[in-house]
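A.B. asks: My structure file input09.cif, mmCIF, C-alpha atoms, is below:
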```cif
data_start
loop_
_atom_site.label_atom_id
_atom_site.label_comp_id
_atom_site.auth_asym_id
_atom_site.auth_seq_id
_atom_site.Cartn_x
_atom_site.Cartn_y
_atom_site.Cartn_z
CA MET Q 1 117.04 85.77 31.99
CA LEU Q 2 113.81 86.09 33.96
CA GLN Q 3 112.52 83.02 32.12
CA LEU Q 4 115.69 81.17 33.03
CA CYS Q 5 115.07 81.92 36.74
CA GLY Q 6 111.68 80.26 36.46
CA ARG Q 7 113.14 77.18 34.81
CA ARG Q 8 115.91 77.10 37.36
CA SER Q 9 113.39 76.97 40.19
CA ALA Q 10 111.37 74.29 38.42
CA LEU Q 11 114.41 72.10 37.97
CA SER Q 12 115.20 72.45 41.66
CA ALA Q 13 111.64 71.51 42.61
CA ILE Q 14 112.61 67.86 43.06
CA LEU Q 15 116.04 66.69 44.17
CA SER Q 16 118.49 66.28 41.32
CA ARG Q 17 118.11 62.49 41.46
CA THR Q 18 115.15 60.24 42.16
CA TYR Q 19 116.58 59.48 45.56
CA SER Q 20 116.20 61.36 48.83
CA SER Q 21 118.78 61.46 51.56
CA SER Q 22 117.97 62.35 55.13
CA VAL Q 23 119.94 62.31 58.35
CA THR Q 24 118.61 60.25 61.25
CA SER Q 25 120.08 59.25 64.61
CA SER Q 26 121.52 56.16 62.94
CA GLY Q 27 123.14 58.05 60.08
CA LEU Q 28 122.43 58.99 56.46
CA VAL Q 29 119.45 57.19 54.94
CA THR Q 30 118.93 57.09 51.18
CA ARG Q 31 115.75 55.82 49.54
CA ARG Q 32 114.18 55.93 46.12
CA ILE Q 33 111.34 58.39 45.45
CA GLU Q 34 108.65 56.97 43.17
CA LYS Q 35 105.81 59.28 44.18
CA VAL Q 36 105.79 62.82 45.59
CA LEU Q 37 102.92 64.75 47.15
CA ILE Q 38 102.89 68.47 46.37
CA ALA Q 39 101.46 70.32 49.38
CA ASN Q 40 100.53 73.36 47.34
CA ARG Q 41 98.35 74.49 44.46
CA GLY Q 42 98.33 76.49 41.24
CA GLU Q 43 101.38 77.39 39.20
CA ILE Q 44 104.05 76.15 41.62
CA ALA Q 45 102.34 72.77 42.00
CA ILE Q 46 102.21 72.35 38.21
CA ARG Q 47 105.91 73.25 37.84
CA VAL Q 48 106.87 70.61 40.38
CA MET Q 49 104.61 68.06 38.68
CA LYS Q 50 106.15 68.73 35.26
CA THR Q 51 109.65 68.15 36.63
CA ALA Q 52 108.52 65.00 38.46
CA ARG Q 53 106.98 63.65 35.24
CA LYS Q 54 110.24 64.21 33.35
CA MET Q 55 112.03 62.24 36.04
CA GLY Q 56 109.56 59.38 36.01
CA ILE Q 57 108.15 60.27 39.44
CA LYS Q 58 104.38 60.15 39.98
CA SER Q 59 102.75 63.22 41.52
CA VAL Q 60 99.97 63.60 44.05
CA ALA Q 61 97.91 66.80 44.22
CA VAL Q 62 95.94 68.07 47.20
CA PHE Q 63 93.02 70.47 46.96
CA SER Q 64 90.48 72.31 49.08
CA ASP Q 65 86.79 72.69 48.26
CA ALA Q 66 87.61 75.96 46.48
CA ASP Q 67 90.26 74.33 44.24
CA ARG Q 68 88.42 71.16 43.31
CA ALA Q 69 88.40 72.08 39.59
CA SER Q 70 91.85 73.73 39.49
CA LEU Q 71 94.31 72.74 36.79
CA HIS Q 72 96.83 71.24 39.21
CA THR Q 73 94.29 68.60 40.29
CA ARG Q 74 93.94 67.41 36.69
CA PHE Q 75 97.64 67.63 35.86
CA ALA Q 76 98.69 65.31 38.70
CA ASP Q 77 98.62 61.52 38.51
CA GLU Q 78 96.14 61.55 41.38
CA ALA Q 79 94.41 64.17 43.52
CA HIS Q 80 93.05 64.12 47.06
CA HIS Q 81 90.68 66.42 48.92
CA VAL Q 82 92.14 67.88 52.14
CA GLY Q 83 89.48 70.22 53.48
CA GLU Q 84 87.57 73.46 53.40
CA PRO Q 85 88.54 76.60 51.40
CA ALA Q 86 90.32 78.26 54.34
CA ALA Q 87 94.04 77.40 54.17
CA LEU Q 88 94.14 76.63 57.91
CA LYS Q 89 91.62 73.85 57.28
CA SER Q 90 93.31 72.44 54.20
CA TYR Q 91 96.79 73.34 52.91
CA LEU Q 92 98.06 74.31 56.37
CA ASP Q 93 96.55 71.29 58.12
CA MET Q 94 99.72 69.28 58.74
CA LYS Q 95 97.88 66.20 59.99
CA LYS Q 96 95.72 65.99 56.85
CA ILE Q 97 98.70 66.48 54.55
CA ILE Q 98 100.64 63.69 56.28
CA GLU Q 99 97.60 61.40 56.26
CA THR Q 100 97.16 62.01 52.53
CA ALA Q 101 100.81 61.20 51.86
CA ARG Q 102 100.35 57.95 53.78
CA LYS Q 103 97.11 57.08 51.96
CA SER Q 104 98.64 57.74 48.54
CA ASN Q 105 101.90 55.93 49.37
CA ALA Q 106 103.99 59.03 48.58
CA GLN Q 107 107.58 58.74 49.77
CA ALA Q 108 108.15 62.51 49.73
CA ILE Q 109 106.34 65.81 50.23
CA HIS Q 110 107.28 68.95 48.30
CA PRO Q 111 105.88 72.08 50.02
CA GLY Q 112 106.46 74.53 47.12
CA TYR Q 113 106.56 78.07 48.51
CA GLY Q 114 104.28 79.67 51.08
CA PHE Q 115 101.98 77.47 53.18
CA LEU Q 116 104.18 74.87 54.98
CA SER Q 117 107.42 75.50 53.09
CA GLU Q 118 109.23 77.24 55.97
CA ASN Q 119 107.49 75.43 58.81
CA ALA Q 120 110.11 73.61 60.91
CA GLU Q 121 107.42 71.72 62.81
CA PHE Q 122 106.07 70.25 59.56
CA ALA Q 123 109.55 69.24 58.37
CA GLU Q 124 110.09 67.55 61.71
CA LEU Q 125 106.75 65.75 61.47
CA CYS Q 126 107.68 64.43 58.00
CA ALA Q 127 110.93 63.03 59.42
CA LYS Q 128 109.06 61.31 62.26
CA GLU Q 129 106.70 59.73 59.73
CA ASN Q 130 109.64 58.60 57.55
CA ILE Q 131 108.49 60.82 54.69
CA ALA Q 132 111.14 62.82 52.84
CA PHE Q 133 110.65 66.58 53.14
CA VAL Q 134 111.95 68.14 49.92
CA GLY Q 135 113.69 71.05 51.56
CA PRO Q 136 116.38 71.98 54.08
CA PRO Q 137 116.98 70.38 57.50
CA THR Q 138 114.62 71.33 60.31
CA GLN Q 139 117.31 73.18 62.25
CA ALA Q 140 118.20 75.33 59.24
CA ILE Q 141 114.55 76.35 58.86
CA ARG Q 142 114.32 77.11 62.57
CA ASP Q 143 117.56 79.11 62.77
CA MET Q 144 116.98 81.15 59.64
CA GLY Q 145 113.38 81.83 60.68
CA THR Q 146 114.57 83.79 63.72
CA LYS Q 147 116.31 86.97 62.60
CA SER Q 148 118.38 87.47 65.75
CA ILE Q 149 119.77 83.91 65.64
CA ALA Q 150 120.35 84.10 61.89
CA LYS Q 151 122.34 87.33 62.23
CA GLN Q 152 124.58 85.82 64.90
CA ILE Q 153 125.21 82.67 62.83
CA MET Q 154 126.08 84.75 59.79
CA SER Q 155 128.40 87.00 61.78
CA ASP Q 156 130.22 83.95 63.15
CA ALA Q 157 130.53 82.58 59.60
CA GLY Q 158 132.15 85.76 58.31
CA VAL Q 159 129.14 86.92 56.31
CA PRO Q 160 128.78 90.73 56.51
CA VAL Q 161 125.90 91.91 58.74
CA ILE Q 162 124.60 95.38 59.55
CA ILE Q 163 125.52 96.71 62.98
CA GLY Q 164 122.61 96.43 65.35
CA TYR Q 165 121.12 95.14 68.58
CA HIS Q 166 119.71 91.59 68.67
CA GLY Q 167 119.57 91.13 72.44
CA SER Q 168 117.03 89.58 74.81
CA ASP Q 169 116.32 92.77 76.78
CA GLN Q 170 113.23 94.00 74.94
CA SER Q 171 112.32 96.97 77.12
CA ASP Q 172 111.56 100.20 75.27
CA SER Q 173 114.31 101.98 77.18
CA LYS Q 174 116.94 99.38 76.18
CA LEU Q 175 115.93 99.52 72.51
CA LEU Q 176 116.14 103.32 72.58
CA GLU Q 177 119.53 103.19 74.30
CA GLU Q 178 120.89 100.82 71.65
CA SER Q 179 119.41 102.96 68.87
CA LYS Q 180 121.33 105.96 70.17
CA LYS Q 181 124.54 103.91 70.17
CA ILE Q 182 123.92 102.75 66.59
CA GLY Q 183 122.93 106.24 65.45
CA PHE Q 184 119.70 107.36 63.79
CA PRO Q 185 118.09 106.60 61.41
CA VAL Q 186 117.49 103.01 62.55
CA MET Q 187 115.36 100.16 61.26
CA LEU Q 188 113.09 98.39 63.74
CA LYS Q 189 112.36 94.79 62.72
CA ALA Q 190 110.23 92.02 64.18
CA VAL Q 191 112.53 89.15 65.23
CA TYR Q 192 110.09 86.57 63.85
CA GLY Q 193 108.96 88.80 60.98
CA GLY Q 194 108.75 88.40 57.24
CA GLY Q 195 107.06 89.86 54.20
CA GLY Q 196 107.85 93.41 55.28
CA LYS Q 197 105.59 93.22 58.32
CA GLY Q 198 106.68 94.50 61.72
CA MET Q 199 109.21 96.91 60.17
CA ARG Q 200 109.48 100.65 60.78
CA ILE Q 201 112.13 103.33 60.20
CA ALA Q 202 112.81 105.68 63.10
CA SER Q 203 114.55 108.76 61.72
CA ASN Q 204 115.21 110.37 65.10
CA GLU Q 205 114.75 109.98 68.85
CA GLU Q 206 111.55 112.06 68.86
CA GLU Q 207 109.60 109.59 66.70
CA PHE Q 208 111.21 106.45 68.11
CA ALA Q 209 108.48 105.56 70.63
CA GLU Q 210 105.70 105.92 68.06
CA LYS Q 211 107.51 103.82 65.45
CA LEU Q 212 108.39 101.15 68.00
CA GLU Q 213 104.80 100.75 69.17
CA SER Q 214 103.58 100.62 65.57
CA ALA Q 215 106.11 97.90 64.69
CA ARG Q 216 105.32 95.92 67.85
CA SER Q 217 101.58 96.09 67.21
CA GLU Q 218 101.89 94.80 63.66
CA ALA Q 219 104.31 92.06 64.76
CA ARG Q 220 101.91 90.85 67.47
CA LYS Q 221 99.03 90.65 65.01
CA SER Q 222 101.05 89.00 62.26
CA PHE Q 223 103.39 86.65 64.15
CA GLY Q 224 102.08 86.40 67.72
CA ASN Q 225 105.36 87.83 69.02
CA ASP Q 226 106.53 91.45 69.29
CA ASP Q 227 110.25 90.98 70.01
CA MET Q 228 112.26 93.50 68.01
CA LEU Q 229 115.79 93.98 66.75
CA VAL Q 230 117.34 97.33 65.89
CA GLU Q 231 119.70 97.93 62.98
CA LYS Q 232 121.34 100.88 61.30
CA PHE Q 233 119.07 101.96 58.45
CA VAL Q 234 120.82 101.82 55.08
CA GLU Q 235 119.68 104.81 53.06
CA ARG Q 236 119.05 104.48 49.31
CA PRO Q 237 119.61 100.70 49.52
CA ARG Q 238 119.58 98.04 46.84
CA HIS Q 239 118.06 94.64 47.53
CA VAL Q 240 120.17 91.91 45.92
CA GLU Q 241 119.68 88.20 46.50
CA VAL Q 242 121.54 85.04 45.51
CA GLN Q 243 120.16 81.58 44.67
CA VAL Q 244 122.07 78.76 46.39
CA PHE Q 245 121.92 74.99 46.29
CA GLY Q 246 123.33 72.43 48.71
CA ASP Q 247 123.27 68.64 48.92
CA THR Q 248 123.66 66.11 51.71
CA HIS Q 249 127.33 65.58 50.84
CA GLY Q 250 128.47 69.10 51.71
CA ASN Q 251 128.54 70.45 48.15
CA TYR Q 252 127.34 74.03 47.60
CA VAL Q 253 126.94 76.26 44.55
CA TYR Q 254 125.48 79.68 43.84
CA LEU Q 255 123.64 80.56 40.65
CA TRP Q 256 124.47 84.26 40.60
CA GLU Q 257 122.34 87.15 41.74
CA ARG Q 258 119.20 89.15 40.98
CA ASP Q 259 118.17 92.69 41.89
CA CYS Q 260 114.87 93.04 43.74
CA SER Q 261 115.07 96.74 44.60
CA VAL Q 262 111.81 97.77 42.92
CA GLN Q 263 109.34 97.25 45.77
CA ARG Q 264 106.09 98.51 47.21
CA ARG Q 265 105.53 98.27 50.96
CA HIS Q 266 108.58 95.99 51.24
CA GLN Q 267 107.11 93.59 48.66
CA LYS Q 268 109.10 92.89 45.47
CA ILE Q 269 107.50 93.99 42.20
CA ILE Q 270 110.30 93.32 39.71
CA GLU Q 271 113.27 90.94 39.95
CA GLU Q 272 116.05 91.50 37.42
CA ALA Q 273 118.86 89.07 36.67
CA PRO Q 274 121.72 89.62 36.45
CA ALA Q 275 121.66 92.61 38.81
CA PRO Q 276 122.64 95.70 36.78
CA GLY Q 277 125.72 97.79 37.48
CA LEU Q 278 127.74 95.25 39.47
CA THR Q 279 131.31 94.25 38.73
CA MET Q 280 132.30 90.60 38.39
CA GLU Q 281 134.20 90.96 41.64
CA GLN Q 282 131.02 92.12 43.43
CA ARG Q 283 128.99 89.29 41.91
CA ARG Q 284 131.56 86.73 42.97
CA SER Q 285 131.79 88.18 46.48
CA LEU Q 286 128.00 88.07 46.86
CA GLY Q 287 127.89 84.47 45.66
CA GLU Q 288 130.71 83.31 47.92
CA SER Q 289 129.07 84.99 50.93
CA ALA Q 290 125.79 83.27 50.08
CA VAL Q 291 127.55 79.90 49.98
CA ARG Q 292 129.15 80.59 53.38
CA ALA Q 293 125.68 81.38 54.72
CA ALA Q 294 124.33 78.06 53.44
CA GLN Q 295 127.30 76.12 54.79
CA ALA Q 296 126.88 77.72 58.21
CA VAL Q 297 123.49 76.04 58.69
CA ASN Q 298 124.26 72.79 56.78
CA TYR Q 299 121.67 73.78 54.20
CA VAL Q 300 120.20 71.21 51.80
CA GLY Q 301 118.18 72.01 48.67
CA ALA Q 302 117.32 75.32 47.03
CA GLY Q 303 117.44 78.52 49.06
CA THR Q 304 117.79 82.27 48.65
CA VAL Q 305 120.19 84.49 50.59
CA GLU Q 306 119.10 88.13 50.64
CA PHE Q 307 121.51 91.05 50.96
CA ILE Q 308 121.09 94.80 51.28
CA MET Q 309 123.64 96.94 49.44
CA ASP Q 310 124.55 100.55 50.19
CA VAL Q 311 125.48 103.31 47.74
CA LYS Q 312 129.18 102.43 48.08
CA GLY Q 313 128.59 98.85 47.01
CA ASN Q 314 129.00 97.33 50.49
CA PHE Q 315 126.54 94.51 51.11
CA TYR Q 316 125.09 92.99 54.27
CA PHE Q 317 123.10 89.83 55.07
CA MET Q 318 119.36 90.41 55.58
CA GLU Q 319 117.79 86.97 55.70
CA MET Q 320 117.61 83.57 54.08
CA ASN Q 321 114.49 82.11 52.51
CA THR Q 322 114.64 78.39 53.31
CA ARG Q 323 112.51 77.32 50.37
CA LEU Q 324 112.10 77.31 46.63
CA GLN Q 325 112.05 80.93 45.50
CA CYS Q 326 108.80 82.16 43.94
CA VAL Q 327 110.13 83.50 40.62
#
```
Spell out the structure here as structure tokens.

C.D. replies:
Amino acid sequence: MLQLCGRRSALSAILSRTYSSSVTSSGLVTRRIEKVLIANRGEIAIRVMKTARKMGIKSVAVFSDADRASLHTRFADEAHHVGEPAALKSYLDMKKIIETARKSNAQAIHPGYGFLSENAEFAELCAKENIAFVGPPTQAIRDMGTKSIAKQIMSDAGVPVIIGYHGSDQSDSKLLEESKKIGFPVMLKAVYGGGGKGMRIASNEEEFAEKLESARSEARKSFGNDDMLVEKFVERPRHVEVQVFGDTHGNYVYLWERDCSVQRRHQKIIEEAPAPGLTMEQRRSLGESAVRAAQAVNYVGAGTVEFIMDVKGNFYFMEMNTRLQCV
């Protein structure tokens, strides 16, 4: 099943047809994709290229000085140099990526995962340059990238969320007050966080100030913003996530769930599909909630909705990865 997940992601790497649809001020625009630039490297770039080749679409690789001899540069139909080894001067340089797409006459850019895949500014820039961004709409990326906004959207859509405080008053005293209302232990999370950074568990009021400062400090260094949200900490949790797909015609499906509970420092080590020990009713409920989450932000493409599950089998929305999942 783990192998199937990998194939599933590869098949979703390019849109299911050789046409891209995007929404502009004048309506839905559909155009044929004959060449796609993959703004990534390594294994994910090769997977996208293989799928493109099967579909008769030419692929364009980009590479930094450090990756000049990498396999993905030889596997593509053509390859272009985009800068120095540092990602900020190559794979994260939006201007160079767009210029390369223009120079190679690529009609679309696939970001893979990491790098520019969840960058709303880049998706917006692609739209302005009339280049198809193989991914969700800009607003979906923006909304799901901000935890406090995402939680509110999910709550409004009827997707279960953990009780917590997602307000604008970020004073230490207000966060402590709300933590007392929620009840310790609480989880402190960076509003703009990800990858397990900017997260701390405060087990009681006595250690709250220390944990809050630690979380804020890491958030500032990692994301340039130390706004926090507070949620009830789910003890002995399971991490279960669901793969979803949406198109530009309002159709949505879920491809079941996987368990990602085996982690180290909030980073997944093993993903197991299907998730063990769940009933069909639980699997269906998870999938339907994931679809509601995608519908709530008019999602397009492949995405992953992550849930946390307590010992009683209740599950709650955590976040949505607005990109191809790296499995």

A.B. asks: Given 8 Å of margin on each side, can you work out the centre and size in Å (one decimal) of an axis-aligned box holding every listed atom of stretch 297-303 of chain Q, as AutoDock Vina command-line options?

C.D. replies:
```
--center_x 120.8 --center_y 74.9 --center_z 52.9 --size_x 22.9 --size_y 23.3 --size_z 27.7
```

A.B. asks: Which is closer to Q:Glu272 than all the others in Q:Gln107, Q:Met94, Q:Val240, Q:Glu288, using all atoms listed in the file?

C.D. replies: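 For Q:Glu272, the nearest of the candidates is Q:Val240.
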
A.B. asks: Set the distance at 8 Å and use all atoms listed in the file: which residues neighbour Q:Phe133 once local chain neighbours fewer than 5 positions away are removed? I'd like the list as a list in words.

C.D. replies: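 With the cut-off at 8 Å, the set is Ala108, Ile109, His110, Pro111, Ala123, Cys126 and Ala127 of chain Q.
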
A.B. asks: Under the PyMOL selection byres ((chain Q and resi 275) around 6), which residues of this model are included? Write them out as a ChimeraX atom specification.

C.D. replies: /Q:258-259,272-274,276

A.B. asks: Given the file shown, enumerate the residues that the PyMOL selection byres ((chain Q and resi 195-199) around 7) captures and present them as a short mmCIF file (atom, residue, chain, number, x, y, z; two decimals) with C-alpha atoms, in the coordinates of the input.

C.D. replies:
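Result file is expr_14.cif:
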```cif
data_model
loop_
_atom_site.label_atom_id
_atom_site.label_comp_id
_atom_site.auth_asym_id
_atom_site.auth_seq_id
_atom_site.Cartn_x
_atom_site.Cartn_y
_atom_site.Cartn_z
CA LEU Q 188 113.09 98.39 63.74
CA LYS Q 189 112.36 94.79 62.72
CA ALA Q 190 110.23 92.02 64.18
CA GLY Q 193 108.96 88.80 60.98
CA GLY Q 194 108.75 88.40 57.24
CA ARG Q 200 109.48 100.65 60.78
CA ALA Q 215 106.11 97.90 64.69
CA ARG Q 216 105.32 95.92 67.85
CA GLU Q 218 101.89 94.80 63.66
CA ALA Q 219 104.31 92.06 64.76
CA ARG Q 265 105.53 98.27 50.96
CA HIS Q 266 108.58 95.99 51.24
CA GLN Q 267 107.11 93.59 48.66
#
```

A.B. asks: In terms of the shortest atom-to-atom distance over only C-alpha atoms, which of Q:Lys268, Q:His239, Q:Arg292, Q:Lys128 is closest to Q:Asp310?

C.D. replies: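 The shortest atom-to-atom distance to Q:Asp310 comes from Q:His239.
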
A.B. asks: Sorted by chain and rising residue number, which residues of stretch 243-325 of chain Q lie within 8 Å of stretch 159-162 of chain Q, and what are their closest atom pairs and distances in Å to one decimal, counting all atoms listed in the file, as a Markdown table?

C.D. replies:
```
| residue | atom | partner | partner_atom | distance |
| --- | --- | --- | --- | --- |
| Q:Ser289 | CA | Q:Val159 | CA | 5.7 |
| Q:Ala290 | CA | Q:Val159 | CA | 8.0 |
| Q:Arg292 | CA | Q:Val159 | CA | 7.0 |
| Q:Ala293 | CA | Q:Val159 | CA | 6.7 |
| Q:Phe315 | CA | Q:Pro160 | CA | 7.0 |
| Q:Tyr316 | CA | Q:Val161 | CA | 4.7 |
| Q:Phe317 | CA | Q:Val161 | CA | 5.1 |
| Q:Met318 | CA | Q:Val161 | CA | 7.4 |
```

A.B. asks: Could you check the closest approach to Q:Leu92 for each of Q:Asp226, Q:Asp143, Q:Glu213, Q:Glu118 and tell me which residue wins, using only C-alpha atoms?

C.D. replies: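 Among the listed residues, Q:Glu118 lies closest to Q:Leu92.
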
A.B. asks: Within 8 Å of Q:Ser203, counting only C-alpha atoms, which residues qualify if same-chain residues fewer than 5 places away don't, as a ChimeraX atom specification?

C.D. replies: /Q:184-186,208

A.B. asks: Show me, as JSON, numbers by chain, the residues that have an atom within 12 Å of Q:Tyr299 when counting all atoms listed in the file, minus same-chain residues fewer than 2 positions from it.

C.D. replies: {"Q": [135, 136, 137, 138, 139, 140, 141, 142, 143, 144, 244, 245, 246, 247, 248, 249, 250, 251, 252, 253, 290, 291, 292, 293, 294, 295, 296, 297, 301, 302, 303, 304, 305, 320, 321, 322, 323]}

A.B. asks: Where does the PyMOL selection byres ((chain Q and resi 73) around 12) land in this file, that is, which residues does it pick, as a CSV table (one decimal) with C-alpha atoms, keeping the file's coordinate frame?

C.D. replies:
```
chain,number,residue,atom,x,y,z
Q,37,LEU,CA,102.9,64.8,47.2
Q,38,ILE,CA,102.9,68.5,46.4
Q,39,ALA,CA,101.5,70.3,49.4
Q,40,ASN,CA,100.5,73.4,47.3
Q,41,ARG,CA,98.4,74.5,44.5
Q,42,GLY,CA,98.3,76.5,41.2
Q,43,GLU,CA,101.4,77.4,39.2
Q,45,ALA,CA,102.3,72.8,42.0
Q,46,ILE,CA,102.2,72.4,38.2
Q,49,MET,CA,104.6,68.1,38.7
Q,59,SER,CA,102.8,63.2,41.5
Q,60,VAL,CA,100.0,63.6,44.0
Q,61,ALA,CA,97.9,66.8,44.2
Q,62,VAL,CA,95.9,68.1,47.2
Q,63,PHE,CA,93.0,70.5,47.0
Q,64,SER,CA,90.5,72.3,49.1
Q,65,ASP,CA,86.8,72.7,48.3
Q,66,ALA,CA,87.6,76.0,46.5
Q,67,ASP,CA,90.3,74.3,44.2
Q,68,ARG,CA,88.4,71.2,43.3
Q,69,ALA,CA,88.4,72.1,39.6
Q,70,SER,CA,91.8,73.7,39.5
Q,71,LEU,CA,94.3,72.7,36.8
Q,72,HIS,CA,96.8,71.2,39.2
Q,74,ARG,CA,93.9,67.4,36.7
Q,75,PHE,CA,97.6,67.6,35.9
Q,76,ALA,CA,98.7,65.3,38.7
Q,77,ASP,CA,98.6,61.5,38.5
Q,78,GLU,CA,96.1,61.6,41.4
Q,79,ALA,CA,94.4,64.2,43.5
Q,80,HIS,CA,93.0,64.1,47.1
Q,81,HIS,CA,90.7,66.4,48.9
```

A.B. asks: Hey, which of Q:Gln243, Q:Ser155, Q:Gln282, Q:Asn119 ends up closest to Q:Asp93? Count all atoms listed in the file.

C.D. replies: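 Once distances to Q:Asp93 are computed over all atoms listed in the file, the minimum belongs to Q:Asn119.
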
A.B. asks: Enter the distance from atom CA of Q:Gly164 to atom CA of Q:Leu229, in Å, rounded to one decimal.

C.D. replies: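 Computed distance, atom CA of Q:Gly164 to atom CA of Q:Leu229, equals 7.4 Å.
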
A.B. asks: Looking at only C-alpha atoms, which of Q:Leu116, Q:Ile98, Q:Val300, Q:Ile149 is the one that sits closest to Q:Glu129?

C.D. replies: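 Among the listed residues, Q:Ile98 lies closest to Q:Glu129.
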
A.B. asks: Do you have the atom CA of Q:Ser261-atom CA of Q:Gly277 distance handy?

C.D. replies: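 So the answer is 12.9 Å.
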
A.B. asks: My list of candidates is Q:Val242, Q:Val82, Q:Val234, Q:Val134. Which is closest to Q:Ile308 when distances are computed with only C-alpha atoms?

C.D. replies: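 Closest to Q:Ile308 of all the choices is Q:Val234.
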
A.B. asks: To one decimal in Å, tell me the separation between atom CA of Q:Asn105 and atom CA of Q:Ala86.

C.D. replies: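 Between atom CA of Q:Asn105 and atom CA of Q:Ala86 the gap is 25.6 Å.
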